[in-house]
Structure formats: C-alpha cells, structure tokens
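Coordinates from coords.pdb are shown below (PDB, C-alpha atoms).
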```
ATOM      1  CA  MET J 295      52.358 100.815 105.200
ATOM      2  CA  PRO J 296      55.441 101.770 103.130
ATOM      3  CA  ARG J 297      55.962  99.886  99.901
ATOM      4  CA  ILE J 298      56.905  96.247 100.471
ATOM      5  CA  ARG J 299      59.485  95.291  97.905
ATOM      6  CA  HIS J 300      59.512  91.861  96.331
ATOM      7  CA  ALA J 301      61.708  91.421  93.271
ATOM      8  CA  PRO J 302      61.301  87.887  91.924
ATOM      9  CA  PHE J 303      64.262  86.468  90.041
ATOM     10  CA  ASP J 304      63.982  84.882  86.610
ATOM     11  CA  PRO J 305      66.634  82.127  86.457
ATOM     12  CA  GLU J 306      66.338  81.755  82.663
ATOM     13  CA  ALA J 307      67.055  85.420  81.960
ATOM     14  CA  TYR J 308      69.178  85.857  85.121
ATOM     15  CA  GLU J 309      67.252  89.057  85.795
ATOM     16  CA  TRP J 310      65.167  90.512  88.621
ATOM     17  CA  GLU J 311      61.718  91.947  88.045
ATOM     18  CA  GLY J 312      61.954  95.727  87.944
ATOM     19  CA  VAL J 313      65.770  95.808  87.878
ATOM     20  CA  THR J 314      67.452  96.902  84.647
ATOM     21  CA  ALA J 315      71.041  96.011  83.853
ATOM     22  CA  ARG J 316      73.314  98.834  82.881
ATOM     23  CA  ALA J 317      76.947  99.315  81.985
ATOM     24  CA  TYR J 318      79.448  98.790  84.811
ATOM     25  CA  LYS J 319      80.620 102.404  84.579
ATOM     26  CA  ASP J 320      79.681 105.362  82.432
ATOM     27  CA  ASP J 321      83.351 106.080  81.977
ATOM     28  CA  PRO J 322      85.317 103.804  79.606
ATOM     29  CA  GLY J 323      88.358 104.053  81.926
ATOM     30  CA  THR J 324      91.196 105.836  80.181
ATOM     31  CA  GLN J 325      93.590 106.106  83.155
ATOM     32  CA  ARG J 326      96.188 103.392  83.696
ATOM     33  CA  GLY J 327      94.526 100.142  84.755
ATOM     34  CA  MET J 328      91.040 101.624  84.731
ATOM     35  CA  ALA J 329      89.872  99.889  81.545
ATOM     36  CA  TRP J 330      87.186  97.214  81.946
ATOM     37  CA  GLN J 331      85.516  94.744  79.652
ATOM     38  CA  GLY J 332      82.341  92.678  79.503
ATOM     39  CA  LEU J 333      80.719  93.901  82.730
ATOM     40  CA  SER J 334      77.148  94.719  83.572
ATOM     41  CA  ARG J 335      75.707  96.089  86.802
ATOM     42  CA  HIS J 336      72.292  95.624  88.411
ATOM     43  CA  THR J 337      71.449  97.863  91.365
ATOM     44  CA  LEU J 338      69.383  95.445  93.442
ATOM     45  CA  VAL J 339      68.785  97.558  96.540
ATOM     46  CA  ARG J 340      69.162 101.278  97.119
ATOM     47  CA  ALA J 341      66.693 102.626  99.647
ATOM     48  CA  PRO J 342      68.045 105.640 101.570
ATOM     49  CA  GLU J 343      64.455 106.885 102.018
ATOM     50  CA  ALA J 344      63.819 103.781 104.158
ATOM     51  CA  GLY J 345      66.952 104.438 106.226
ATOM     52  CA  VAL J 346      69.126 101.878 104.416
ATOM     53  CA  SER J 347      72.710 103.152 104.421
ATOM     54  CA  PHE J 348      74.126 100.464 102.130
ATOM     55  CA  GLU J 349      73.597  99.436  98.500
ATOM     56  CA  VAL J 350      73.418  95.946  97.062
ATOM     57  CA  ARG J 351      74.530  95.477  93.469
ATOM     58  CA  TYR J 352      74.913  92.451  91.214
ATOM     59  CA  PHE J 353      77.832  92.500  88.785
ATOM     60  CA  GLU J 354      78.296  90.049  85.984
ATOM     61  CA  ILE J 355      81.474  89.587  83.974
ATOM     62  CA  ALA J 356      81.350  87.796  80.629
ATOM     63  CA  PRO J 357      84.028  85.211  79.736
ATOM     64  CA  GLY J 358      87.230  87.114  78.983
ATOM     65  CA  GLY J 359      86.001  90.143  80.929
ATOM     66  CA  PHE J 360      87.472  92.081  83.834
ATOM     67  CA  SER J 361      86.760  95.086  86.031
ATOM     68  CA  SER J 362      88.883  98.204  86.550
ATOM     69  CA  LEU J 363      92.054  97.868  88.596
ATOM     70  CA  GLU J 364      91.369 100.425  91.308
ATOM     71  CA  LYS J 365      91.451 101.337  94.987
ATOM     72  CA  HIS J 366      89.270 103.353  97.335
ATOM     73  CA  GLU J 367      88.577 103.751 101.017
ATOM     74  CA  HIS J 368      85.209 101.991 101.010
ATOM     75  CA  VAL J 369      85.071  98.241 101.451
ATOM     76  CA  HIS J 370      83.563  95.842  98.924
ATOM     77  CA  VAL J 371      81.714  92.893 100.430
ATOM     78  CA  VAL J 372      81.403  90.327  97.673
ATOM     79  CA  VAL J 373      79.410  87.085  97.642
ATOM     80  CA  THR J 374      79.898  85.030  94.485
ATOM     81  CA  GLN J 375      76.692  83.830  92.831
ATOM     82  CA  ARG J 376      77.611  82.093  89.587
ATOM     83  CA  GLY J 377      80.570  80.989  87.509
ATOM     84  CA  ARG J 378      84.221  81.113  88.412
ATOM     85  CA  GLY J 379      86.404  84.139  88.945
ATOM     86  CA  GLN J 380      89.683  85.365  90.243
ATOM     87  CA  ALA J 381      90.229  88.484  92.247
ATOM     88  CA  LEU J 382      93.339  90.479  92.807
ATOM     89  CA  VAL J 383      93.016  92.026  96.268
ATOM     90  CA  GLY J 384      96.074  93.892  97.510
ATOM     91  CA  ASP J 385      98.973  91.489  96.962
ATOM     92  CA  ARG J 386      96.817  88.346  96.864
ATOM     93  CA  VAL J 387      95.020  86.433  94.152
ATOM     94  CA  VAL J 388      91.908  84.615  95.346
ATOM     95  CA  GLU J 389      89.754  82.071  93.566
ATOM     96  CA  MET J 390      86.007  82.637  93.572
ATOM     97  CA  SER J 391      83.284  80.033  93.198
ATOM     98  CA  PRO J 392      79.604  80.300  94.158
ATOM     99  CA  LEU J 393      78.999  81.664  97.665
ATOM    100  CA  ASP J 394      82.682  82.357  98.307
ATOM    101  CA  ILE J 395      83.058  85.663 100.154
ATOM    102  CA  VAL J 396      85.741  88.285  99.550
ATOM    103  CA  GLU J 397      86.205  91.611 101.343
ATOM    104  CA  THR J 398      88.501  94.286  99.917
ATOM    105  CA  PRO J 399      90.087  96.310 102.734
ATOM    106  CA  PRO J 400      90.310 100.110 102.519
ATOM    107  CA  PHE J 401      92.686 101.243  99.736
ATOM    108  CA  ALA J 402      93.589  97.702  98.664
ATOM    109  CA  ALA J 403      94.012  97.502  94.897
ATOM    110  CA  HIS J 404      91.470  95.121  93.401
ATOM    111  CA  ARG J 405      90.353  93.726  90.063
ATOM    112  CA  TRP J 406      87.761  91.024  89.328
ATOM    113  CA  VAL J 407      88.333  88.689  86.386
ATOM    114  CA  ASN J 408      86.185  85.976  84.824
ATOM    115  CA  ALA J 409      88.303  82.822  85.069
ATOM    116  CA  GLY J 410      85.874  80.446  83.334
ATOM    117  CA  ASP J 411      83.814  80.042  80.209
ATOM    118  CA  GLU J 412      80.423  80.985  81.643
ATOM    119  CA  PRO J 413      79.265  84.299  83.175
ATOM    120  CA  PHE J 414      80.908  85.112  86.503
ATOM    121  CA  GLY J 415      78.460  86.946  88.746
ATOM    122  CA  PHE J 416      78.620  88.291  92.273
ATOM    123  CA  ILE J 417      76.670  90.414  94.687
ATOM    124  CA  CYS J 418      78.683  93.368  95.987
ATOM    125  CA  THR J 419      77.421  95.359  98.963
ATOM    126  CA  VAL J 420      78.888  98.781  99.725
ATOM    127  CA  GLU J 421      78.174 101.904 101.738
ATOM    128  CA  GLY J 422      75.675 104.187 100.006
ATOM    129  CA  GLU J 423      77.974 107.148 100.750
ATOM    130  CA  ARG J 424      81.394 106.216  99.462
ATOM    131  CA  ASP J 425      84.543 107.654  97.923
ATOM    132  CA  ALA J 426      85.361 107.480  94.211
ATOM    133  CA  PRO J 427      87.706 104.812  92.800
ATOM    134  CA  GLN J 428      91.276 105.853  92.084
ATOM    135  CA  PRO J 429      93.952 104.352  89.838
ATOM    136  CA  LEU J 430      97.009 102.817  91.501
ATOM    137  CA  ASP J 431     100.071 104.931  92.106
ATOM    138  CA  ASP J 432     103.438 104.110  90.512
ATOM    139  CA  ALA J 433     104.736 102.149  93.507
ATOM    140  CA  GLU J 434     101.610  99.998  93.670
ATOM    141  CA  TRP J 435     101.726  99.374  89.931
ATOM    142  CA  GLU J 436     105.401  98.392  90.016
ATOM    143  CA  ALA J 437     104.840  96.071  92.980
ATOM    144  CA  LEU J 438     102.128  94.208  91.079
ATOM    145  CA  LEU J 439     104.381  93.856  88.040
ATOM    146  CA  ALA J 440     107.314  92.672  90.159
ATOM    147  CA  ASP J 441     105.362  89.738  91.594
ATOM    148  CA  PRO J 442     104.812  86.916  89.093
ATOM    149  CA  ARG J 443     101.535  85.982  90.840
ATOM    150  CA  THR J 444     100.022  89.427  90.337
ATOM    151  CA  ALA J 445     101.744  90.778  87.195
ATOM    152  CA  ARG J 446      98.978  89.644  84.830
ATOM    153  CA  PHE J 447      96.449  91.806  86.703
ATOM    154  CA  ALA J 448      98.383  95.009  85.857
ATOM    155  CA  HIS J 449      97.110  96.006  82.440
TER     156      HIS J 449
ATOM    157  CA  MET E 175      97.929  96.134 104.267
ATOM    158  CA  PRO E 176      94.890  95.316 106.428
ATOM    159  CA  ARG E 177      93.747  91.726 106.480
ATOM    160  CA  ILE E 178      92.233  90.620 103.171
ATOM    161  CA  ARG E 179      89.287  88.404 103.899
ATOM    162  CA  HIS E 180      88.519  85.388 101.734
ATOM    163  CA  ALA E 181      85.978  82.930 103.112
ATOM    164  CA  PRO E 182      85.654  79.994 100.705
ATOM    165  CA  PHE E 183      82.316  78.206 100.709
ATOM    166  CA  ASP E 184      81.986  74.434 101.041
ATOM    167  CA  PRO E 185      78.900  73.424  99.013
ATOM    168  CA  GLU E 186      78.767  69.937 100.573
ATOM    169  CA  ALA E 187      78.606  71.230 104.143
ATOM    170  CA  TYR E 188      76.912  74.502 103.134
ATOM    171  CA  GLU E 189      79.416  76.294 105.362
ATOM    172  CA  TRP E 190      81.968  79.074 104.995
ATOM    173  CA  GLU E 191      85.557  78.694 106.177
ATOM    174  CA  GLY E 192      85.961  80.464 109.512
ATOM    175  CA  VAL E 193      82.228  81.100 109.983
ATOM    176  CA  THR E 194      80.441  79.138 112.697
ATOM    177  CA  ALA E 195      76.674  78.643 112.681
ATOM    178  CA  ARG E 196      74.851  79.551 115.833
ATOM    179  CA  ALA E 197      71.272  79.635 117.039
ATOM    180  CA  TYR E 198      69.023  82.240 115.419
ATOM    181  CA  LYS E 199      68.474  83.996 118.755
ATOM    182  CA  ASP E 200      69.702  83.431 122.271
ATOM    183  CA  ASP E 201      66.156  84.005 123.497
ATOM    184  CA  PRO E 202      63.627  81.202 122.933
ATOM    185  CA  GLY E 203      60.920  83.838 122.293
ATOM    186  CA  THR E 204      58.271  83.671 124.979
ATOM    187  CA  GLN E 205      56.253  86.764 123.955
ATOM    188  CA  ARG E 206      53.285  86.342 121.609
ATOM    189  CA  GLY E 207      54.465  85.419 118.109
ATOM    190  CA  MET E 208      58.152  85.521 119.056
ATOM    191  CA  ALA E 209      58.677  81.751 119.038
ATOM    192  CA  TRP E 210      60.890  80.356 116.300
ATOM    193  CA  GLN E 211      61.881  76.894 115.155
ATOM    194  CA  GLY E 212      64.628  75.221 113.129
ATOM    195  CA  LEU E 213      66.740  78.310 112.403
ATOM    196  CA  SER E 214      70.476  78.810 112.310
ATOM    197  CA  ARG E 215      72.430  81.992 111.733
ATOM    198  CA  HIS E 216      75.866  82.590 110.181
ATOM    199  CA  THR E 217      77.353  86.059 110.541
ATOM    200  CA  LEU E 218      79.176  86.323 107.230
ATOM    201  CA  VAL E 219      80.432  89.899 107.431
ATOM    202  CA  ARG E 220      80.756  92.242 110.376
ATOM    203  CA  ALA E 221      83.649  94.669 110.013
ATOM    204  CA  PRO E 222      83.019  97.997 111.766
ATOM    205  CA  GLU E 223      86.800  98.371 112.256
ATOM    206  CA  ALA E 224      87.104  98.603 108.456
ATOM    207  CA  GLY E 225      84.346 101.233 108.291
ATOM    208  CA  VAL E 226      81.606  98.812 107.225
ATOM    209  CA  SER E 227      78.301 100.049 108.668
ATOM    210  CA  PHE E 228      76.245  97.007 107.646
ATOM    211  CA  GLU E 229      76.229  93.305 108.544
ATOM    212  CA  VAL E 230      75.663  90.365 106.250
ATOM    213  CA  ARG E 231      74.143  87.232 107.749
ATOM    214  CA  TYR E 232      73.026  83.901 106.313
ATOM    215  CA  PHE E 233      69.924  82.339 107.868
ATOM    216  CA  GLU E 234      68.777  78.824 107.235
ATOM    217  CA  ILE E 235      65.379  77.419 108.153
ATOM    218  CA  ALA E 236      64.872  73.658 108.259
ATOM    219  CA  PRO E 237      61.731  72.112 106.768
ATOM    220  CA  GLY E 238      58.837  72.941 109.088
ATOM    221  CA  GLY E 239      60.750  75.842 110.611
ATOM    222  CA  PHE E 240      59.915  79.535 110.960
ATOM    223  CA  SER E 241      61.356  82.740 112.365
ATOM    224  CA  SER E 242      59.854  85.062 114.997
ATOM    225  CA  LEU E 243      56.894  87.197 113.985
ATOM    226  CA  GLU E 244      58.262  90.637 114.750
ATOM    227  CA  LYS E 245      58.684  94.259 113.691
ATOM    228  CA  HIS E 246      61.412  96.883 114.040
ATOM    229  CA  GLU E 247      62.521 100.106 112.467
ATOM    230  CA  HIS E 248      65.533  98.680 110.629
ATOM    231  CA  VAL E 249      65.067  97.229 107.162
ATOM    232  CA  HIS E 250      65.893  93.642 106.227
ATOM    233  CA  VAL E 251      67.337  93.203 102.759
ATOM    234  CA  VAL E 252      66.939  89.535 101.903
ATOM    235  CA  VAL E 253      68.333  87.605  98.935
ATOM    236  CA  THR E 254      67.175  84.000  98.810
ATOM    237  CA  GLN E 255      69.947  81.457  98.275
ATOM    238  CA  ARG E 256      68.437  77.979  98.506
ATOM    239  CA  GLY E 257      65.146  76.168  98.886
ATOM    240  CA  ARG E 258      61.686  77.626  98.903
ATOM    241  CA  GLY E 259      60.115  79.914 101.460
ATOM    242  CA  GLN E 260      57.233  82.170 102.179
ATOM    243  CA  ALA E 261      57.428  85.509 103.918
ATOM    244  CA  LEU E 262      54.772  87.470 105.659
ATOM    245  CA  VAL E 263      55.691  91.144 105.221
ATOM    246  CA  GLY E 264      53.143  93.636 106.483
ATOM    247  CA  ASP E 265      49.838  92.496 104.994
ATOM    248  CA  ARG E 266      51.396  90.528 102.140
ATOM    249  CA  VAL E 267      52.581  86.965 101.680
ATOM    250  CA  VAL E 268      55.434  86.606  99.201
ATOM    251  CA  GLU E 269      56.932  83.470  97.691
ATOM    252  CA  MET E 270      60.706  83.101  97.814
ATOM    253  CA  SER E 271      62.891  81.057  95.494
ATOM    254  CA  PRO E 272      66.636  81.379  94.880
ATOM    255  CA  LEU E 273      67.813  84.939  94.219
ATOM    256  CA  ASP E 274      64.368  86.454  94.861
ATOM    257  CA  ILE E 275      64.759  89.713  96.807
ATOM    258  CA  VAL E 276      62.515  90.911  99.627
ATOM    259  CA  GLU E 277      62.806  94.142 101.638
ATOM    260  CA  THR E 278      60.879  94.584 104.865
ATOM    261  CA  PRO E 279      59.935  98.272 105.364
ATOM    262  CA  PRO E 280      60.349  99.950 108.770
ATOM    263  CA  PHE E 281      57.955  98.506 111.359
ATOM    264  CA  ALA E 282      56.343  96.035 108.951
ATOM    265  CA  ALA E 283      55.517  92.775 110.705
ATOM    266  CA  HIS E 284      57.468  89.903 109.160
ATOM    267  CA  ARG E 285      58.003  86.183 109.519
ATOM    268  CA  TRP E 286      59.992  83.771 107.307
ATOM    269  CA  VAL E 287      58.745  80.238 106.843
ATOM    270  CA  ASN E 288      60.240  77.223 105.088
ATOM    271  CA  ALA E 289      57.643  76.281 102.471
ATOM    272  CA  GLY E 290      59.442  73.240 101.049
ATOM    273  CA  ASP E 291      61.099  69.989 102.055
ATOM    274  CA  GLU E 292      64.733  71.095 101.826
ATOM    275  CA  PRO E 293      66.571  73.812 103.777
ATOM    276  CA  PHE E 294      65.433  77.344 102.969
ATOM    277  CA  GLY E 295      68.374  79.734 103.173
ATOM    278  CA  PHE E 296      68.781  83.444 102.579
ATOM    279  CA  ILE E 297      71.290  86.213 103.002
ATOM    280  CA  CYS E 298      69.955  89.089 105.078
ATOM    281  CA  THR E 299      71.822  92.401 105.179
ATOM    282  CA  VAL E 300      71.047  94.960 107.879
ATOM    283  CA  GLU E 301      72.480  98.066 109.488
ATOM    284  CA  GLY E 302      75.153  97.267 112.073
ATOM    285  CA  GLU E 303      73.472  99.701 114.477
ATOM    286  CA  ARG E 304      69.820  98.727 114.649
ATOM    287  CA  ASP E 305      66.839  98.651 116.970
ATOM    288  CA  ALA E 306      65.636  95.518 118.754
ATOM    289  CA  PRO E 307      62.752  93.419 117.396
ATOM    290  CA  GLN E 308      59.345  93.906 119.027
ATOM    291  CA  PRO E 309      56.264  91.715 119.111
ATOM    292  CA  LEU E 310      53.152  92.932 117.276
ATOM    293  CA  ASP E 311      50.572  94.992 119.095
ATOM    294  CA  ASP E 312      46.985  93.799 119.521
ATOM    295  CA  ALA E 313      45.647  95.652 116.471
ATOM    296  CA  GLU E 314      48.371  94.207 114.220
ATOM    297  CA  TRP E 315      47.786  90.714 115.576
ATOM    298  CA  GLU E 316      44.030  90.937 115.062
ATOM    299  CA  ALA E 317      44.462  92.290 111.525
ATOM    300  CA  LEU E 318      46.621  89.269 110.625
ATOM    301  CA  LEU E 319      44.061  86.877 112.062
ATOM    302  CA  ALA E 320      41.201  88.640 110.260
ATOM    303  CA  ASP E 321      42.741  88.126 106.836
ATOM    304  CA  PRO E 322      42.557  84.512 105.611
ATOM    305  CA  ARG E 323      45.789  84.988 103.609
ATOM    306  CA  THR E 324      47.802  85.985 106.667
ATOM    307  CA  ALA E 325      46.046  84.235 109.563
ATOM    308  CA  ARG E 326      48.314  81.187 109.517
ATOM    309  CA  PHE E 327      51.366  83.411 110.166
ATOM    310  CA  ALA E 328      49.929  84.555 113.540
ATOM    311  CA  HIS E 329      51.007  81.871 115.974
TER     312      HIS E 329
END
```

Could you show the structure in this file as structure tokens?
Amino acid sequence: MPRIRHAPFDPEAYEWEGVTARAYKDDPGTQRGMAWQGLSRHTLVRAPEAGVSFEVRYFEIAPGGFSSLEKHEHVHVVVTQRGRGQALVGDRVVEMSPLDIVETPPFAAHRWVNAGDEPFGFICTVEGERDAPQPLDDAEWEALLADPRTARFAH
Amino acid sequence: MPRIRHAPFDPEAYEWEGVTARAYKDDPGTQRGMAWQGLSRHTLVRAPEAGVSFEVRYFEIAPGGFSSLEKHEHVHVVVTQRGRGQALVGDRVVEMSPLDIVETPPFAAHRWVNAGDEPFGFICTVEGERDAPQPLDDAEWEALLADPRTARFAH
C-alpha cells in the first residue's frame, strides 16, 4: 500500500502537520509590478509520483500585504479560506470572502491584496507543469492606470 | 479577455453563485459496498477549455450519511471544509476536521462518513481524465472485515 497521507490542521497555529511555510517567492521582484509584501506559501499537495498532475498551495497575505502583479498562461483556481481580500483579474476587481472562488484566465493580469485587518488566506490549485510568471507589458500597465477602478493595483 | 470567473459563496445557504448541487452519483450503487447515502456534489471548477487538467468538487454528507466504498487509480486530494468526518483509506481510519487534508493513494479502498451531527463537507480535487471507481475484491473486503478498526466501513 502506498503511503496514505493525512495532514491534520492546527486551527490555533493555522498550520498543517508536516507542511512548512516558506516565502511566497525566492525572488524579491525587482521588475515593474513584481514586488510583493507579507506573503507566505504552504505547498499542501504535490504528488507527481502518485500520478497527480496538479499542485495545491495555501497562500496567506498579512494585513497591508499583496502579491506580484503578473500574468502567465496557467490558470489559478482560488478558493478563499480566511479573511477578506480583493483581486485584480484582467480588468476586473473582485471581492473575496471565505469560500469565494476566483479563476484567473490564461494571460490575465492578476494581483491579490489583503483588504482587511486579519490574515487573508486562500487555497490556489495549479497545474504541476506550468509557465513562469511575467510582468505586464506597457499597454497592459497603461490600461490599468487609465481605469480608476484598477489604477491602485498598478504599483 | 476570456471570461473571468468569480463565484461568490453564500454562507447561509452554503452555496456558490452559479453552481448547482446534484446527487453524488447517478447510480444508486447496487454492487457490494457501492451504496451511498445523504451525499450531494457541487462541481466548483471544470475548465478544460482554459487548459485546466483537474476538477474541483465540493461534497457534502448529511449526518448519518456515507459515500461508496470504492477504489480507483486516480488520487483524491481532499481538504475538509465543515463538520466532522471519518475516512477509511486503505487499512487506516482517519479523523477529519476543517482544513485537515487527506490523499487517497492509487487503488486504496476509501469511504467517507459523516461522524458528527452537522453536515460534513470537503473539497475534493481530482484529475479531469480519470478511471471509473470499482468495488473491492473479495480479499480486500475480507481484510476490512477481519480488522476491528475497519470492519464497520464494510457494508
């Protein structure tokens, strides 16, 4: 019998047994829009040896924090777990509360922002084999700035 | 820009906008162990047209309810969302509370049971292309019955 995985969750620590939090990215994000602040990442499931093609990660953004503003071909499937956030996705701004679902389409610019005063956490499932994030091009950047709803996400 | 999906969650109804609950399976489960009771299924994400190879479903089991006792090659990645459950996975019984993670290895027998008096709900992510569930063979069935920890899951 292959290893049966059971990772109990500790609600006090907001941590899973055997799962270590690490920084969101190794790279501090020096290209335009690629900076990020106050994020941690937990890789909850990554099991290619068992034939699992996807990965399940938990991201948490501290109050005042935000992810990189980026785009890529692979889709993010996000299920909110705690706190309150806002997401820029393409030309839209969506509100996120627990269990709200957001999908980022291929090459849609996106940035996740904590919009409350407690941690904002979400589970994000992606393909295990995926392309690298890219910064926005000039036209995309200008379009965000030109729209008063999205301008504050372009920084 | 492809369609940006945002499915807000209604905590009162425990429902997502645009997602309709349906029966767990179309088949009532007449083979040994394949019966199930009190389950509903929500398909939260299925987007092969956007290059998403996996599916994300939410299953809810009413008090007293249980899923089929089955096995298959594809892996279930389960993240508990509400209530309290127990899972038989292979030769183990694991307790499930919110955010606990369970992975069923290929061909491990498994059954989910509501172990509390409120709905037991979990998100289960799987490959979009996957094999069909099978009932247990005689040796697997007898092994469950022979172990006092697992015998009650063989019905």

### Query
Expanded to explicit residues, what is the PyMOL selection byres ((chain J) within 8 of (chain E)) for this file, as a ChimeraX atom specification?
/J:295-303,310,339,344-348,368-369,371,383-384,388,390-400,402,420-421

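One distance worth recording is that between atom CA of E:Asp305 and atom CA of E:Lys245, which is 9.8 Å.
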
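The environment of E:Pro237 within 8 Å, counting only C-alpha atoms and disregarding residues fewer than 5 places along the same chain, consists of Gly212, Asn288, Ala289, Gly290, Asp291, Glu292, Pro293 and Phe294 of chain E.
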
Residues near E:Tyr232, anyone? I mean within 8 Å using all atoms listed in the file, not counting same-chain ones fewer than 5 positions away, as a PDB file with C-alpha atoms, keeping the file's coordinate frame.
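Heads up, here's the output in selection_1.pdb:
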```
ATOM      1  CA  ARG E 215      72.430  81.992 111.733  1.00  0.00           C
ATOM      2  CA  HIS E 216      75.866  82.590 110.181  1.00  0.00           C
ATOM      3  CA  THR E 217      77.353  86.059 110.541  1.00  0.00           C
ATOM      4  CA  LEU E 218      79.176  86.323 107.230  1.00  0.00           C
ATOM      5  CA  GLY E 295      68.374  79.734 103.173  1.00  0.00           C
ATOM      6  CA  PHE E 296      68.781  83.444 102.579  1.00  0.00           C
ATOM      7  CA  ILE E 297      71.290  86.213 103.002  1.00  0.00           C
ATOM      8  CA  CYS E 298      69.955  89.089 105.078  1.00  0.00           C
TER       9      CYS E 298
END
```

### Task
Take the PyMOL selection byres ((chain J and resi 317-331) around 7), apply it to the structure above, and return the hits as a ChimeraX atom specification.
/J:316,332-335,359-364,429,448-449

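The interatomic distance for the pair atom CA of J:Arg340 and atom CA of E:Gly192 works out to 29.5 Å.
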
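When all atoms listed in the file are used to compute distances to E:Arg285, the closest of the residues E:Ala320, E:Leu262, E:Ala306, E:Val267 turns out to be E:Leu262.
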
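One distance worth recording is that between atom CA of J:Gly358 and atom CA of J:Arg443, which is 18.6 Å.
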
Go ahead and fit an axis-aligned box to every listed atom of stretch 275-288 of chain E plus 8 Å each side, and pass me the centre and edge lengths in Å, one decimal, as lines of an AutoDock Vina configuration file.
```
center_x = 60.1
center_y = 88.6
center_z = 104.1
size_x = 25.2
size_y = 38.7
size_z = 30.6
```
